[in-house]
Amino acid sequence: MIEMEALTKVFGGITAVSEVSLRVEQGDIFGLVGPDGAGKTTLLRMVCGLINPTSGRVTLFGGRQKKDAGNFGYMPQRFSLCGDLTVMENINFFGSLYKLDRKTVRERADEILELTKLSQFKSRFAEDLSGGMKQKLALTCALVIRPGMLILDEPTFGVDPEFRKEFWKILYMLNRDGMTIFVSTPYMDEADLCKKVALLDRGKIVAVGTPDQLKKQIKNKIIEIKADVKDLDFLGELPEVDDASFYGDRYHVSVPVVEPAKISISRLLSEKGIAISFMEEITPSMEDVFVSLTEKEVV
Amino acid sequence: MSRILAILKKEFLQMRRDRLTLGMVFALPLFQLLLFGYAIQTEVKHIPTAVFDQSLSAESRDMMEAFSASGYFDVYYSTGGYAEITNMIDSGRAKVGIIFPPDFSENLKKGDTATVQVLVDASDSMSSSTAIATANAIGLLKSQKIFIQKAQLTNLPYDIRVRPWYNPDGITAYYMVPAILGIIVTMTMVMMTAVAIVRERERGTLEQLMVTPIRSFELMIGKIVPYIGLGYLQITVALLVGALVFHVPIRGSLLELYVLTLFFITASLGLGILISNIAKNQMQAFQMSFFVLLPSIMLSGFLFPREAMPLVIQYIGDIIPLTYYLVIIRGIVLKGIGFPYLVSQVAALLVFSVVLVTLSIIKFKKKIA
Ligand SMILES: Nc1ncnc2c1ncn2[C@@H]1O[C@H](COP(=O)(O)OP(=O)(O)O)[C@@H](O)[C@H]1O
Ligand SMILES: [Mg+2]
């Protein structure tokens, strides 16, 4: 449905997106995952035709349909509806830009608002909604045209975890009904929720595949450690350890072979008088994948 | 077309809810008109005047009557002598001091020159020039009368008759009110439009809109039309206030005024949109509008006659839309002239409109491309 060929965008001196080639297929939940400043927004804007690529090409729907036809919904990174209009007025406004008649808009809105649980807020001003509800309203507006594809730019950024879960549930429901979804996110845990993931780092794609495929790509094993000290960076200097990184309230250590590493880690920590409350091998998370792949890139 | 209507509907909804802006739309013309119409008087009357009359004669009394009757001087007889007069002028309680010498009446009777000393506080040039001119005129008139008597003339050799057309009574409001209309429209169209559009961009609404099938000219029209409406609303308010409060006569055709005003509105809107495209945030938009507004007030002939300005300044005035609109509106309202006399001004505004709107459409396209 979307085909990107060597898409590149240069702003002044900075290459925000560099030679990105991706395919988003019908029925995908395609996640574009990368930290802040990776170039996600820039890439999605090029896909939507909001900015022109410096070089490269984007083809939507195999080039058969123009973007004007309203075949995809776009939800920008920032909330960009009219705060001084009510929920329903915003939806009506969007519908009328696509020349939908009142009745159609109302019927569809009822349906979507039901799905997004915004039905009782129809006459509330958009600016009075909570952050999560604003995002759901933006989604509702994008859906009113019944698009076959939805492009969402960091839809859950800065929204509380409860809303994030709910939002993804909605995306899954839409996808089950046949909608293709292309979504960007800075949250690695959300990458696990996608059917297919592209990891983006400093404008470059570092890996593409299903979450399982990506996890298999890293040869190292991951040991999770919980100790009574926060800073365990020095573990990286052990010959048995390739990399150590902070992970929430724990540490993730990437090692080629598990057992010898465990032994030398315990020895080192007990020498330093640090108590270990947990140390086990775990299946790598997307974050581990990202860390190990981007480290390779740098070296 | 239906997309333009959609934008229009949204803009009207938002405008209706934006109480502050709406309040400004009505308050601005009222406030400005009352402020300028009442406070700014190029003709100064009721100048506080202190008199020290040492002659205490019928002649001196008669002279002061003439001063009072002119309406320019509010006379106060001082008993404190010369010192009190200078003190009053120093402290600003009087702007003019008049001193009759003790021998005023005798000199007059003898046929000698009778001197009256008039002290004027010239730190305020407007009132001092009025005071000086009027005092001189009164002196001349009085002398003339005596000459006529002495020479037993029936007619004066010269008789120059000045007839001030269009505003025979020299009422400042007649001159100011139509011009203030121009200032108000400039303010609304340039400042409010620029700030409003920048605000919309800051909110990110434009990014969302650009993915929809709407074209940039449709968006522009949808945004511009409500402001044209606002402009006309303000003009109507201002004209009503002018007519009801200041009794400004409208001698020309109202229809013609409304039609020609459109050219000024579009030129000003063009400026506003151009600013909105250049400015990075609302504050910048505000400052840049101010940068347009100030020369409009100073150099367009609104406050000061352009003929009195140095040539270079006049050239700068030539590239300000208000300069042309002032000629149009004063012409129609005060002189009652019509389009045939105003062709070149209308043409100038048309050029402004076309250039500015084209420029902003080009800039606007780039912004989203
Ligand atoms: N309009 C722009 N002008 C200049 N630089 C930009 C612009 N948009 C983005 N960038 C730069 O491009 C890089 C990628 O930004 P962005 O696409 O917003 O990343 P992300 O959405 O992944 O956080 C950043 O370094 C950012 O500063
Ligand atoms: Mg972003």
# chains A, B, ... in the order shown; residues from 1 in each chain; ligands from 1

call {"tool": "residues_near_ligand", "arguments": {"ligand": "ligand 2", "cutoff": "10 Å", "atoms": "only C-alpha atoms and all ligand atoms", "output": "list in words"}}
result
Gly34, Pro35, Asp36, Gly37, Ala38, Gly39, Lys40, Thr41, Thr42, Leu43, Leu44, Arg45, Pro76, Gln77, Arg78, Asp153, Glu154, Pro155, Phe157, Ser184, Thr185 and Pro186 of chain A

call {"tool": "residues_around", "arguments": {"residues": "stretch 64-80 of chain B", "least_positions_apart": "6", "cutoff": "6 Å", "atoms": "only C-alpha atoms", "output": "ChimeraX atom specification"}}
result
/B:45-52

call {"tool": "interface_residues", "arguments": {"of": "chain B", "to": "chain A", "cutoff": "7 Å", "atoms": "only C-alpha atoms", "output": "JSON, numbers by chain"}}
result
{"B": [2, 3, 6, 10, 14, 203, 204, 205, 208, 210, 211, 212, 213, 214, 368, 369]}

call {"tool": "select_by_dssp", "arguments": {"residues": "stretch 48-207 of chain A", "states": "helix (DSSP H, G or I)", "output": "PyMOL selection string"}}
result
chain A and resi 48+61-63+67-69+87-97+102-116+119-121+126-128+131-143+161-176+188-191

call {"tool": "closest_residue", "arguments": {"among": "A:Val33, A:Ile263, A:Val159, A:Leu200", "to": "A:Ala16", "atoms": "only C-alpha atoms"}}
result
A:Leu200

call {"tool": "residues_around", "arguments": {"residues": "stretch 131-134 of chain A", "least_positions_apart": "3", "cutoff": "8 Å", "atoms": "only C-alpha atoms", "output": "number ranges by chain"}}
result
A: 79, 118, 126-127, 137-138, 156, 159-160, 163-164

call {"tool": "closest_residue", "arguments": {"among": "B:Leu254, B:Ile316, B:Leu108, B:Val162", "to": "B:Ile146", "atoms": "only C-alpha atoms"}}
result
B:Leu108

call {"tool": "closest_residue", "arguments": {"among": "A:Val47, A:Met4, A:Ile145, A:Leu214", "to": "A:Ile91", "atoms": "only C-alpha atoms"}}
result
A:Ile145

call {"tool": "closest_residue", "arguments": {"among": "A:Val17, A:Ile181, A:Ala198, A:Leu129", "to": "ligand 1", "atoms": "only C-alpha atoms and all ligand atoms"}}
result
A:Val17

call {"tool": "residues_around", "arguments": {"residues": "A:Glu166", "least_positions_apart": "6", "cutoff": "10 Å", "atoms": "only C-alpha atoms", "output": "ChimeraX atom specification"}}
result
/A:116-117,132,136,172

call {"tool": "select_by_dssp", "arguments": {"residues": "stretch 112-293 of chain B", "states": "strand (DSSP E or B)", "output": "list in words"}}
result
Gln117, Val118, Leu119 and Val120 of chain B

call {"tool": "write_last_selection", "arguments": {"atoms": "all heavy atoms", "output": "mmCIF file, in the first residue's frame"}}
result
data_model
loop_
_atom_site.group_PDB
_atom_site.id
_atom_site.type_symbol
_atom_site.label_atom_id
_atom_site.label_comp_id
_atom_site.auth_asym_id
_atom_site.auth_seq_id
_atom_site.Cartn_x
_atom_site.Cartn_y
_atom_site.Cartn_z
ATOM 1 N N GLN B 117 1.041 94.069 26.106
ATOM 2 C CA GLN B 117 2.028 92.998 26.110
ATOM 3 C C GLN B 117 1.308 91.647 26.218
ATOM 4 O O GLN B 117 0.477 91.443 27.100
ATOM 5 C CB GLN B 117 2.971 93.189 27.300
ATOM 6 C CG GLN B 117 4.220 92.363 27.192
ATOM 7 C CD GLN B 117 5.137 92.589 28.373
ATOM 8 O OE1 GLN B 117 4.850 93.363 29.284
ATOM 9 N NE2 GLN B 117 6.257 91.913 28.358
ATOM 10 N N VAL B 118 1.614 90.763 25.291
ATOM 11 C CA VAL B 118 1.003 89.427 25.342
ATOM 12 C C VAL B 118 2.106 88.392 25.521
ATOM 13 O O VAL B 118 2.968 88.230 24.661
ATOM 14 C CB VAL B 118 0.206 89.133 24.055
ATOM 15 C CG1 VAL B 118 -0.403 87.728 24.122
ATOM 16 C CG2 VAL B 118 -0.873 90.165 23.845
ATOM 17 N N LEU B 119 2.084 87.707 26.667
ATOM 18 C CA LEU B 119 3.065 86.639 26.921
ATOM 19 C C LEU B 119 2.433 85.314 26.521
ATOM 20 O O LEU B 119 1.293 85.025 26.898
ATOM 21 C CB LEU B 119 3.422 86.580 28.404
ATOM 22 C CG LEU B 119 3.917 87.881 29.032
ATOM 23 C CD1 LEU B 119 4.047 87.714 30.544
ATOM 24 C CD2 LEU B 119 5.252 88.287 28.425
ATOM 25 N N VAL B 120 3.186 84.537 25.732
ATOM 26 C CA VAL B 120 2.623 83.253 25.300
ATOM 27 C C VAL B 120 3.558 82.114 25.689
ATOM 28 O O VAL B 120 4.757 82.194 25.482
ATOM 29 C CB VAL B 120 2.416 83.248 23.767
ATOM 30 C CG1 VAL B 120 1.905 81.882 23.316
ATOM 31 C CG2 VAL B 120 1.433 84.336 23.365
#

call {"tool": "residues_around", "arguments": {"residues": "A:Glu280", "least_positions_apart": "4", "cutoff": "7 Å", "atoms": "only C-alpha atoms", "output": "ChimeraX atom specification"}}
result
/A:223-225

call {"tool": "residues_around", "arguments": {"residues": "A:Asp189", "least_positions_apart": "2", "cutoff": "9 Å", "atoms": "only C-alpha atoms", "output": "MDAnalysis selection string"}}
result
chainID A and resid 187 191:193 285:287

call {"tool": "residues_around", "arguments": {"residues": "A:Gln217", "least_positions_apart": "3", "cutoff": "12 Å", "atoms": "only C-alpha atoms", "output": "list in words"}}
result
Val206, Ala207, Val208, Gly209, Thr210, Pro211, Asp212, Gln213, Leu214, Asn220, Lys221, Pro284, Met286, Asp288, Val289, Phe290, Ser292 and Leu293 of chain A

call {"tool": "atom_distance", "arguments": {"atom1": "atom CA of A:Val229", "atom2": "atom CA of A:Val253"}}
result
14.9 Å

call {"tool": "atom_distance", "arguments": {"atom1": "atom CA of A:Lys219", "atom2": "atom CA of A:Val257"}}
result
9.8 Å

call {"tool": "closest_residue", "arguments": {"among": "A:Ala109, A:Met1, A:Cys194, A:Leu199", "to": "ligand 1", "atoms": "only C-alpha atoms and all ligand atoms"}}
result
A:Leu199

call {"tool": "closest_residue", "arguments": {"among": "A:Pro147, A:Gly62, A:Gly13, A:Gly178", "to": "ligand 1", "atoms": "only C-alpha atoms and all ligand atoms"}}
result
A:Gly13
